[in-house]
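**Q** As input, take structure_37.txt (compact mmCIF, C-alpha atoms):
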```
# COMPACT_ATOMS: atom_id res chain seq x y z
CA MET A 1 -14.00 -2.72 -10.86
CA THR A 2 -14.86 -3.58 -7.25
CA THR A 3 -12.28 -4.59 -4.65
CA ASN A 4 -13.37 -8.24 -4.86
CA GLU A 5 -13.21 -8.21 -8.66
CA LEU A 6 -9.72 -6.70 -8.46
CA SER A 7 -8.59 -9.43 -6.06
CA LEU A 8 -9.96 -12.18 -8.29
CA SER A 9 -8.46 -10.76 -11.48
CA ARG A 10 -5.00 -10.53 -9.91
CA ALA A 11 -5.30 -13.95 -8.26
CA ARG A 12 -5.38 -15.54 -11.74
CA THR A 13 -1.83 -14.34 -12.37
CA ALA A 14 -0.48 -14.52 -8.80
CA PRO A 15 3.07 -15.94 -8.64
CA ARG A 16 3.21 -19.64 -7.85
CA TYR A 17 6.28 -19.40 -5.63
CA PRO A 18 5.83 -16.15 -3.66
CA HIS A 19 8.43 -14.93 -1.21
CA PRO A 20 8.70 -11.65 0.73
CA GLY A 21 11.61 -10.30 -1.30
CA SER A 22 14.80 -8.68 -0.07
CA SER A 23 15.69 -5.13 0.88
CA THR A 24 16.62 -2.67 -1.88
CA ALA A 25 18.17 -0.24 0.62
CA ILE A 26 21.60 -0.50 -0.98
CA GLY A 27 23.93 2.48 -1.31
CA SER A 28 23.18 4.77 -4.23
CA ASN A 29 19.80 3.10 -4.84
CA VAL A 30 18.45 4.77 -1.67
CA ALA A 31 19.70 8.20 -2.65
CA TYR A 32 18.39 7.85 -6.20
CA ARG A 33 14.90 6.71 -5.22
CA LEU A 34 14.44 9.10 -2.30
CA GLY A 35 15.88 11.88 -4.46
CA LYS A 36 12.86 11.48 -6.72
CA LEU A 37 10.53 11.93 -3.75
CA LYS A 38 12.49 14.92 -2.49
CA ASP A 39 12.25 16.56 -5.92
CA LEU A 40 8.46 16.13 -5.70
CA GLY A 41 8.42 17.87 -2.30
CA LEU A 42 7.06 14.82 -0.48
CA LEU A 43 9.65 14.18 2.24
CA HIS A 44 7.97 15.72 5.28
CA GLY A 45 5.37 14.76 7.87
CA VAL A 46 4.60 11.25 9.13
CA TRP A 47 5.28 8.33 6.75
CA LEU A 48 4.35 4.66 6.69
CA ASP A 49 7.04 2.39 5.23
CA CYS A 50 4.96 -0.64 4.25
CA GLY A 51 7.12 -3.74 3.84
CA CYS A 52 10.05 -2.06 5.56
CA ALA A 53 12.28 -5.19 5.70
CA ASN A 54 15.17 -4.40 8.07
CA GLY A 55 14.45 -0.66 8.12
CA GLY A 56 16.92 0.71 5.59
CA TYR A 57 14.42 2.99 3.87
CA THR A 58 12.58 3.70 7.14
CA GLU A 59 15.70 5.28 8.60
CA ALA A 60 16.61 6.98 5.32
CA LEU A 61 13.19 8.65 5.05
CA VAL A 62 13.82 10.39 8.38
CA ALA A 63 17.35 11.34 7.34
CA TRP A 64 15.91 12.85 4.15
CA GLY A 65 13.29 15.00 5.88
CA ALA A 66 10.33 13.00 7.18
CA LYS A 67 9.26 13.96 10.71
CA LYS A 68 8.50 10.37 11.72
CA VAL A 69 8.39 6.99 9.92
CA ILE A 70 6.52 3.87 11.01
CA GLY A 71 7.88 0.68 9.46
CA VAL A 72 5.69 -2.41 9.15
CA ASP A 73 6.67 -5.83 7.83
CA PRO A 74 5.15 -9.34 8.11
CA GLU A 75 8.52 -10.95 8.92
CA GLN A 76 9.28 -10.75 12.67
CA SER A 77 12.97 -11.48 12.07
CA ARG A 78 13.27 -8.35 9.95
CA ILE A 79 11.54 -6.22 12.57
CA ASP A 80 13.87 -7.67 15.21
CA GLU A 81 16.87 -6.76 13.05
CA ALA A 82 15.59 -3.22 12.56
CA ASN A 83 14.98 -2.74 16.29
CA ALA A 84 18.38 -4.21 17.12
CA ARG A 85 20.07 -1.58 14.98
CA LYS A 86 18.31 1.13 16.98
CA GLN A 87 20.05 -0.21 20.09
CA THR A 88 23.55 0.03 18.62
CA ASN A 89 26.07 2.75 19.27
CA ASP A 90 25.91 3.96 15.67
CA GLU A 91 25.38 7.69 16.15
CA LYS A 92 23.62 8.09 12.79
CA ILE A 93 20.97 5.54 13.82
CA THR A 94 20.55 6.23 17.53
CA ARG A 95 19.97 9.93 16.98
CA LEU A 96 16.81 9.03 15.09
CA GLY A 97 15.28 8.22 18.48
CA ASP A 98 11.49 8.08 18.49
CA ALA A 99 11.33 9.31 14.89
CA VAL A 100 11.41 5.66 13.79
CA GLU A 101 9.28 2.79 15.07
CA TYR A 102 8.63 -0.75 13.82
CA HIS A 103 5.74 -3.21 13.97
CA CYS A 104 5.32 -6.77 12.71
CA CYS A 105 1.95 -7.04 10.93
CA THR A 106 0.37 -7.83 7.57
CA ASP A 107 -2.65 -5.81 6.42
CA ASN A 108 -3.94 -4.68 9.82
CA PHE A 109 -1.71 -1.75 10.68
CA PRO A 110 -1.64 -0.65 14.35
CA LEU A 111 -2.56 2.90 13.34
CA PRO A 112 -5.70 5.04 13.66
CA ASP A 113 -7.68 6.12 10.61
CA SER A 114 -6.26 9.12 8.72
CA SER A 115 -3.14 9.24 10.90
CA ILE A 116 -0.27 9.43 8.39
CA ASP A 117 0.74 11.93 5.72
CA ALA A 118 2.33 9.57 3.20
CA ALA A 119 2.98 5.87 2.57
CA LEU A 120 5.75 4.10 0.69
CA LEU A 121 5.40 0.73 -1.04
CA ASN A 122 8.93 0.30 -2.38
CA GLU A 123 9.20 -3.00 -4.32
CA VAL A 124 6.52 -4.47 -2.03
CA LEU A 125 3.14 -4.60 -3.79
CA GLU A 126 4.32 -7.39 -6.09
CA HIS A 127 4.91 -9.61 -3.02
CA VAL A 128 1.73 -9.14 -0.97
CA ALA A 129 -0.93 -11.85 -0.80
CA ASP A 130 -3.77 -9.48 -1.71
CA GLU A 131 -2.93 -6.19 -3.44
CA ALA A 132 -6.43 -4.75 -2.95
CA ALA A 133 -6.44 -5.49 0.79
CA THR A 134 -3.03 -3.89 1.29
CA LEU A 135 -3.99 -0.76 -0.65
CA HIS A 136 -7.32 -0.54 1.18
CA GLU A 137 -5.54 -0.62 4.55
CA ILE A 138 -3.07 2.06 3.43
CA ARG A 139 -5.99 4.21 2.28
CA ARG A 140 -7.60 3.81 5.71
CA VAL A 141 -4.58 5.13 7.64
CA LEU A 142 -3.69 7.83 5.08
CA ARG A 143 -5.19 11.24 5.71
CA PRO A 144 -7.34 12.77 2.95
CA GLY A 145 -4.94 14.47 0.55
CA GLY A 146 -2.06 12.31 1.75
CA HIS A 147 0.30 10.67 -0.73
CA LEU A 148 0.88 7.06 -1.69
CA VAL A 149 4.15 6.20 -3.45
CA VAL A 150 4.42 2.82 -5.19
CA MET A 151 7.54 1.47 -6.89
CA SER A 152 7.09 -1.98 -8.43
CA PRO A 153 8.65 -4.03 -11.26
CA ASN A 154 8.13 -2.68 -14.76
CA ARG A 155 7.46 -5.30 -17.42
CA TRP A 156 9.10 -3.11 -20.05
CA PHE A 157 12.39 -3.83 -18.27
CA PRO A 158 13.67 -6.94 -20.09
CA PHE A 159 14.84 -8.87 -17.00
CA GLU A 160 12.88 -10.46 -14.16
CA GLY A 161 14.92 -9.49 -11.12
CA HIS A 162 13.34 -11.99 -8.73
CA GLY A 163 14.55 -14.98 -10.72
CA MET A 164 12.31 -18.00 -11.33
CA ARG A 165 11.69 -21.64 -10.46
CA LEU A 166 11.56 -24.13 -13.31
CA LEU A 167 11.40 -27.93 -13.18
CA GLY A 168 12.04 -27.85 -9.45
CA ARG A 169 15.19 -25.76 -9.78
CA ASP A 170 15.59 -22.20 -8.45
CA PHE A 171 17.31 -19.61 -10.63
CA GLY A 172 18.11 -16.74 -8.27
CA PHE A 173 19.39 -14.23 -10.80
CA PRO A 174 17.71 -11.85 -13.28
CA ILE A 175 16.06 -13.81 -16.09
CA PRO A 176 16.16 -12.16 -19.54
CA LEU A 177 12.93 -11.53 -21.46
CA LEU A 178 10.71 -13.28 -18.90
CA PRO A 179 8.63 -10.13 -18.21
CA TRP A 180 7.74 -9.86 -21.90
CA LEU A 181 6.02 -13.26 -21.99
CA PRO A 182 2.30 -13.63 -21.14
CA SER A 183 1.73 -13.54 -17.38
CA SER A 184 -0.51 -16.61 -17.65
CA TRP A 185 2.68 -18.51 -18.53
CA THR A 186 5.27 -16.74 -16.41
CA ALA A 187 3.26 -16.70 -13.15
CA ARG A 188 3.80 -20.47 -12.97
CA THR A 189 7.53 -19.92 -12.50
CA MET A 190 7.76 -16.60 -10.65
CA ALA A 191 8.33 -15.52 -7.05
CA ALA A 192 6.73 -12.08 -7.46
CA ARG A 193 4.38 -10.21 -9.79
CA ASN A 194 5.45 -7.65 -12.33
CA TYR A 195 3.29 -5.02 -14.00
CA TRP A 196 2.87 -3.10 -17.22
CA PRO A 197 2.84 0.57 -16.19
CA HIS A 198 -0.84 1.02 -17.11
CA GLU A 199 -1.70 -2.11 -15.11
CA LEU A 200 -0.03 -0.82 -11.94
CA ARG A 201 -1.73 2.54 -12.41
CA ASN A 202 -5.13 0.88 -12.75
CA ILE A 203 -4.63 -1.27 -9.64
CA VAL A 204 -3.83 1.80 -7.54
CA ALA A 205 -6.72 3.79 -9.03
CA ALA A 206 -9.17 0.92 -8.48
CA ALA A 207 -8.29 1.01 -4.77
CA GLY A 208 -9.69 4.55 -4.54
CA PHE A 209 -6.60 6.69 -5.08
CA GLU A 210 -6.22 9.63 -7.44
CA ILE A 211 -3.17 9.21 -9.69
CA GLN A 212 -0.86 12.23 -9.67
CA LYS A 213 2.18 10.93 -11.53
CA VAL A 214 3.40 7.89 -13.43
CA ASP A 215 7.16 7.70 -13.92
CA TYR A 216 9.99 5.19 -14.07
CA VAL A 217 12.92 4.13 -11.88
CA LEU A 218 16.15 3.33 -13.70
CA PRO A 219 18.46 0.53 -12.56
CA VAL A 220 21.61 1.67 -10.79
CA PHE A 221 23.46 -1.64 -11.39
CA GLU A 222 24.70 -1.84 -7.82
CA LEU A 223 23.47 -5.28 -6.75
CA TYR A 224 23.84 -6.86 -10.20
CA GLN A 225 26.86 -5.29 -11.85
CA TRP A 226 26.29 -6.76 -15.30
CA LEU A 227 28.52 -4.19 -17.00
CA PRO A 228 32.18 -3.19 -16.57
CA ALA A 229 32.75 -0.71 -13.73
CA SER A 230 33.77 2.06 -16.15
CA VAL A 231 30.56 1.61 -18.16
CA ILE A 232 28.40 1.64 -15.00
CA SER A 233 30.14 4.81 -13.83
CA ALA A 234 29.50 6.52 -17.18
CA TYR A 235 25.88 5.30 -17.20
CA ARG A 236 25.23 6.73 -13.73
CA ARG A 237 26.57 10.10 -14.85
CA LEU A 238 24.17 9.98 -17.80
CA MET A 239 21.11 8.94 -15.77
CA PRO A 240 19.71 12.51 -15.48
CA GLN A 241 19.81 12.80 -19.28
CA ILE A 242 18.33 9.33 -19.80
CA GLU A 243 15.45 10.28 -17.48
CA LYS A 244 14.45 12.93 -20.05
CA THR A 245 14.28 10.50 -22.98
CA PRO A 246 11.82 7.77 -24.03
CA LEU A 247 14.40 5.22 -22.84
CA ARG A 248 13.20 5.80 -19.26
CA LYS A 249 10.17 3.67 -20.18
CA PHE A 250 12.47 0.64 -19.90
CA GLY A 251 13.33 1.40 -16.27
CA VAL A 252 13.50 -1.42 -13.78
CA SER A 253 10.41 -0.19 -11.93
CA THR A 254 7.34 1.95 -12.42
CA LEU A 255 6.79 4.83 -10.01
CA ILE A 256 3.20 5.75 -9.13
CA VAL A 257 2.43 8.80 -7.00
CA ALA A 258 -1.20 9.02 -5.91
CA THR A 259 -3.33 10.71 -3.24
CA ARG A 260 -6.29 9.78 -1.11
CA PRO A 261 -9.13 12.04 -2.32
CA LEU A 262 -9.94 14.96 -0.04
CA ASN A 263 -13.63 14.07 0.09
CA SER A 264 -13.12 10.46 1.17
```
Reformat the file's structure so that it appears as structure tokens.
**A**
Amino acid sequence: MTTNELSLSRARTAPRYPHPGSSTAIGSNVAYRLGKLKDLGLLHGVWLDCGCANGGYTEALVAWGAKKVIGVDPEQSRIDEANARKQTNDEKITRLGDAVEYHCCTDNFPLPDSSIDAALLNEVLEHVADEAATLHEIRRVLRPGGHLVVMSPNRWFPFEGHGMRLLGRDFGFPIPLLPWLPSSWTARTMAARNYWPHELRNIVAAAGFEIQKVDYVLPVFELYQWLPASVISAYRRLMPQIEKTPLRKFGVSTLIVATRPLNS
């Protein structure tokens, strides 16, 4: 499938009410998600945090081992917020110094070709206007052999976390079973895309990346505490065991790790 064909096929199921989404850099969610990348030995070198919001993951990537992280986001207000935090007296943030920088942009990153070692799209691809264009631009700035990490909504998870709009009314909470309905129906009500795991894999592969790993990200129930606190606590203790079972397939997001081919 060509880049244009990919864009057209996805446009048919693009969400009718798109919005840029909110940051997922919340407490234990950061440690859990970056822990997966650390276990894969990826947290080093220069990273691009694509769709960085207010910089929560950008800063965390440096704290977890990256040499430098460049955050980009299309919302100037979010970039302003991220830069403002760098000017505070918070020792944890100010000591990052030049290891973190931010730019407001869409798909034209202010970076030379083959200039970064890894890129993160953390709950971002489902919000962009053109998935193929975004992935193509990441491929341009990624060095050959460099890694792309994508985490995006998994349609096996039985709730749509972005809510929906129906009959002119916004429902800003997770909607049960919506991801399991045909996308030709649900796209008319949704604010963001969601993907079957094989679909997300194919989109990344069609953009010229070599797939290294397909995995799942479990919910940590921090933002939406649907269960009693004691049950959530027990669940979090069991997460390492759940990760080893087929139940992980029902995680809130799919994790794709891919590389730019060495000969490209």
**Q** Would you mind telling me which residue in A:Ile116, A:Val150, A:Val231, A:Val69 lies nearest to Val214 (chain A) when using only C-alpha atoms?
**A**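 Using only C-alpha atoms, the shortest distance to Val214 (chain A) belongs to A:Val150.
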**Q** To one decimal place in Å, what is the distance between CA of Ala234 (chain A) and CA of Pro158 (chain A)?
**A**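 Straight-line distance from CA of Ala234 (chain A) to CA of Pro158 (chain A) works out to 21.0 Å.
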**Q** Given the choices A:Gly41, A:Gly251, A:Pro74, A:Gly56, which gets closest to Ala129 (chain A) if the distance is worked out from all atoms listed in the file?
**A**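 Residue with the minimum atom-to-atom distance to Ala129 (chain A): A:Pro74.
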**Q** Counting only C-alpha atoms, which of A:Ser264, A:Ser152, A:Asn54, A:Thr106 gets nearest to Glu81 (chain A)?
**A** A:Asn54
**Q** Give the answer as one residue: which of A:Gly55, A:Pro179, A:Gly145, A:Pro110 has the shortest atom-to-atom distance to Arg85 (chain A), using only C-alpha atoms?
**A**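 Comparing A:Gly55, A:Pro179, A:Gly145, A:Pro110 against Arg85 (chain A), the winner is A:Gly55.
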**Q** Using only C-alpha atoms, which of the listed residues (A:Arg201, A:Gln76, A:Met190, A:Lys38) sits closest to Phe171 (chain A)?
**A**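 Under the stated criterion, the closest residue is A:Met190.
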**Q** Between CA of Leu43 (chain A) and CA of Glu222 (chain A), what is the distance, to one decimal in Å?
**A**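 According to the coordinates, CA of Leu43 (chain A) and CA of Glu222 (chain A) are separated by 24.2 Å.
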**Q** Report, in Å to a single decimal, how far apart CA of Pro219 (chain A) and CA of Ala258 (chain A) are.
**A**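 These two atoms are separated by 22.4 Å.
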**Q** In terms of the shortest atom-to-atom distance over only C-alpha atoms, which of A:Asp113, A:Pro197, A:Ala206, A:Lys86 is closest to Ala133 (chain A)?
**A**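 Comparing A:Asp113, A:Pro197, A:Ala206, A:Lys86 against Ala133 (chain A), the winner is A:Ala206.
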**Q** Would you mind listing what lies within 8 Å of region 24-35 of chain A as a PyMOL selection string, with all atoms listed in the file counted and same-chain residues fewer than 6 positions away left out?
**A** chain A and resi 56-57+60-61+64+123+217+220+222-223
**Q** Give me the residues near Pro182 (chain A) as a list of chain:residue names, where near means some atom within 12 Å (using only C-alpha atoms) and where sequence neighbours in that chain fewer than 4 positions away do not count.
**A** A:Thr13, A:Arg155, A:Leu177, A:Leu178, A:Thr186, A:Ala187, A:Arg188, A:Thr189, A:Asn194, A:Tyr195, A:Trp196
**Q** List the spatial neighbours of His19 (chain A) as a VMD selection string - criterion: any atom at most 8 Å away, only C-alpha atoms, same-chain residues fewer than 4 positions off excluded.
**A** chain A and resid 127 191 to 192
**Q** Dig up all the protein and nucleic acid residues within 8 Å of (5.4, 8.4, 2.7) in the file frame, using only C-alpha atoms, and format them as a PyMOL selection string.
**A** chain A and resi 42-43+46-49+69+117-120+147-149
**Q** Show me the residues around (8.9, 2.7, -13.7) - criterion: an atom at most 8 Å away, only C-alpha atoms counted - as a PDB file with C-alpha atoms, in the frame of the given file.
**A**
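Result file is part.pdb:
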```
ATOM      1  CA  MET A 151       7.540   1.470  -6.890  1.00  0.00           C
ATOM      2  CA  SER A 152       7.090  -1.980  -8.430  1.00  0.00           C
ATOM      3  CA  PRO A 153       8.650  -4.030 -11.260  1.00  0.00           C
ATOM      4  CA  ASN A 154       8.130  -2.680 -14.760  1.00  0.00           C
ATOM      5  CA  PRO A 197       2.840   0.570 -16.190  1.00  0.00           C
ATOM      6  CA  VAL A 214       3.400   7.890 -13.430  1.00  0.00           C
ATOM      7  CA  ASP A 215       7.160   7.700 -13.920  1.00  0.00           C
ATOM      8  CA  TYR A 216       9.990   5.190 -14.070  1.00  0.00           C
ATOM      9  CA  VAL A 217      12.920   4.130 -11.880  1.00  0.00           C
ATOM     10  CA  LEU A 218      16.150   3.330 -13.700  1.00  0.00           C
ATOM     11  CA  ARG A 248      13.200   5.800 -19.260  1.00  0.00           C
ATOM     12  CA  LYS A 249      10.170   3.670 -20.180  1.00  0.00           C
ATOM     13  CA  PHE A 250      12.470   0.640 -19.900  1.00  0.00           C
ATOM     14  CA  GLY A 251      13.330   1.400 -16.270  1.00  0.00           C
ATOM     15  CA  VAL A 252      13.500  -1.420 -13.780  1.00  0.00           C
ATOM     16  CA  SER A 253      10.410  -0.190 -11.930  1.00  0.00           C
ATOM     17  CA  THR A 254       7.340   1.950 -12.420  1.00  0.00           C
ATOM     18  CA  LEU A 255       6.790   4.830 -10.010  1.00  0.00           C
ATOM     19  CA  ILE A 256       3.200   5.750  -9.130  1.00  0.00           C
TER      20      ILE A 256
END
```
